[in-house]
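**Student:** I have a structure I would like to understand better, so I am pasting it below and will then ask my questions one at a time.
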Amino acid sequence: MPYSSYPLDAYLIIDNNAIVGLCEYFCDTHKKLPFTDMIQAACKELSDILTVLRRFALGNKLFSTKCVLDEFKPEFGEIQNYYGFDLNSCKHLKSHLHSEIETANINMTAIAKLRAMQQTPGRFGTELSRLSDPDLSLVILALGIAKESAQRVYVITDDEDLRIFISWMKPRSEVKSMCQHSDKVDGLHSMIYMDCVHRKCAFTTLQISTMLTFHSLRQMSRIMLSGTTKGEMITRTIQTIYESIRESGRIKQKIMEGAI
Amino acid sequence: MNKDIPGSFDEFLAEFTASLKSTSGEGALRRINAERVLRLVLEEIVQQRQDLQIRVLEDSRIAGKKGVDILMQIDDYEIRLALLDTPLQVASIEKDALNRYRETFEDNPSTEYIILTWTTDDLKSQKLNLHIIEYLKVHPENISQFLSKVKPLQEVLGEILTSHMKMWESMVVPSETDTSTIMDVKNLFLEYIHIALHKERDRQYRNKERKMAATNMPQDREVSLLTNVLDEALQGMSSKNLAVQLSQLPRRGRK
């Protein structure tokens, strides 16, 4: 019998790419509305979903760093191609999002300690060049919260390199010297985290499957455009994602029936 | 990997699958963390051992449900890698696991080893082959001793790759070829080339013109050129220079 999900008792730190993914989804859902109304509707949906995430988060807060939130620039995203695009609405979306998330200031010099780590795998580049300062600022924030609270901390990010880096750095002595509870820090994909929340009946299966499908197809089209994946592999991957969504729905059903 | 190219779905699917199939939430977290580090280790090995052209694949896509987690195709053999959860950072193995691994070997004859890797910080591992499985089935009391000899994954993989390194026996070429050897080789060559020319001249053709062409085939200049090239080769001239000389041979049908 599978367990119901990843543990949800954790502080949540959210990355810009996860926020962008949610905004793109909600804007796409309401794209037939006039631009200003679409932004209003997206803000409302964004608030609803972040409220759900806050409900599950320790301290009932969502955290991020200033430099990560500064990266949120909807005016340069998909919506700039929408009919009726206007900058004021984008500013509204931006300020609305900032009001939903706790901005933490971190000591940026701590990033240099991470970059100075020895024997880093080639994937991350020399001195972790493949990870930006904002990426590493989230790691520093997570380590800081883990150090203070000795509780689990999730960095919710869609950046594969960042998630892999978090898994790699956790047991390293350099990191342990900064935070003895570094093993409490984990990186999770935003959609996977939300799927786990869905299994706790916070979203309907239809909601999560629509979001997952939107996210997967968008990512898949990017991969196809980059020409790195063969058609057969894409079909198989989409099939696996759909099977996983169905399995997740079954787990949720069992939770509702009290079987798990 | 270029940062501009979107990441693959492998990591996303691994995260999704772990959350669906693990028996505990903590176990699922241990598994995804170990899988990520495991991929990093394998990426490094593939990079370091480019000469072996190692391919790393998800085993379930190749062997289906009977597969383990990772398949490594190396030259003419395969290594399979099974990731096992350990909450206490100690290597352990289920009773019926040996039977499952034996089936994997039987279904995949080119598999040389299954590496058991536990979800510890440094990915403690131990290699398993059919002989070890049979031995442990007969002597289950030695399983704990077998598990006490775990090593980090890099070391275990390194040992296997080194043990499969092909060592070619090269003939020792004497640095100074003596005159008698030169004469022997030259005489043998001349003997064989005259036999070949003789056969060519005696070939039966339906077409008279072809027969005439074979009989009157020019050979003296060519044989002399080939003999000179052979002489120089036996005296150690570089193949680059010899190739230049050989290119002076007229092409077939041309004078």
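Chain identifiers are assigned as A, B, and so on, following the order in which chains appear in the structure tokens; residues are numbered from 1 within each chain, and ligands are numbered from 1 in order of appearance.
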Tell me as a VMD selection string which residues belonging to chain B come within 9 Å of chain A, counting only C-alpha atoms.

**Tutor:** chain B and resid 1 3 to 13 15 to 29 32 to 34 36 to 37 40 to 41 43 to 44 121 to 122

**Student:** I want to know what sits within 10 Å of region 27-29 of chain A, based on only C-alpha atoms, with residues of the same chain fewer than 2 positions away left out; could you give that as a list in words?

**Tutor:**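 That gives Leu22, Cys23, Glu24, Tyr25, Lys31, Lys32, Leu33, Phe35, Met38, Ile39, Gln40, Ala41, Ala42, Cys43, Glu45, Leu46, Glu78, Ile79, Tyr82, Met211 and Phe214 of chain A.
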
**Student:** Which of region 39-219 of chain A counts as helix (DSSP H, G or I) under DSSP, as a ChimeraX atom specification please?

**Tutor:** /A:39-56,66-70,74-76,78-81,87-100,109-115,122-124,126-128,133-149,160-169,173-178,182-184,190-199,205-219

**Student:** Fewer than 2 positions away in the same chain doesn't count, so skip those; otherwise give me all residues within 10 Å of Leu84 (chain B), counting only C-alpha atoms, as a list in words.

**Tutor:**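 So, after excluding close chain neighbours, the residues are Gly27, Arg30, Arg31, Ala34, Asp69, Leu81, Ala82, Thr86, Pro87, Ala91, Ser92, Ile93, Glu94, Leu116, Thr117, Trp118, Thr119, Thr120, Leu123 and Ser125 of chain B.
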
**Student:** Quick one: residues within 9 Å of Arg80 (chain B), only C-alpha atoms, excluding same-chain residues fewer than 4 positions away - as a ChimeraX atom specification?

**Tutor:** /B:59,67-73,111-116

**Student:** Using DSSP on the backbone coordinates, identify all residues within region 11-250 of chain A classified as strand (DSSP E or B); present the result as a PyMOL selection string.

**Tutor:** chain A and resi 11-14+57-65+102-104+153-156+185-188

**Student:** So that I can see what lies close to Asn216 (chain B), please list as a tab-separated table (two decimals) with C-alpha atoms, in the first residue's frame the residues with an atom at most 12 Å from it, counting only C-alpha atoms and leaving out residues fewer than 5 positions away in the same chain.

**Tutor:**
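Now in out.tsv:
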```
chain	number	residue	atom	x	y	z
B	197	LEU	CA	49.78	-12.73	-61.64
B	198	HIS	CA	50.02	-16.16	-63.16
B	200	GLU	CA	45.22	-13.73	-63.44
B	201	ARG	CA	46.82	-14.45	-66.81
B	202	ASP	CA	45.36	-17.97	-66.91
B	209	GLU	CA	39.51	-8.91	-75.72
B	210	ARG	CA	39.46	-9.51	-71.99
B	211	LYS	CA	41.61	-12.59	-72.34
```

**Student:** Nearest to Asp85 (chain B): which of B:Glu35, B:Glu141, B:Glu222, B:Glu232 is it, counting only C-alpha atoms?

**Tutor:**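 Ranked by minimum distance to Asp85 (chain B), first place goes to B:Glu35.
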
**Student:** If I take CA of Tyr242 (chain A) and CA of Tyr11 (chain A), how far is one from the other in Å, to one decimal?

**Tutor:** 29.1 Å

**Student:** Please report the interatomic distance between CA of Gln48 (chain B) and CA of Met117 (chain A) in Å with one decimal.

**Tutor:**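 Here the two named atoms are 20.8 Å from each other.
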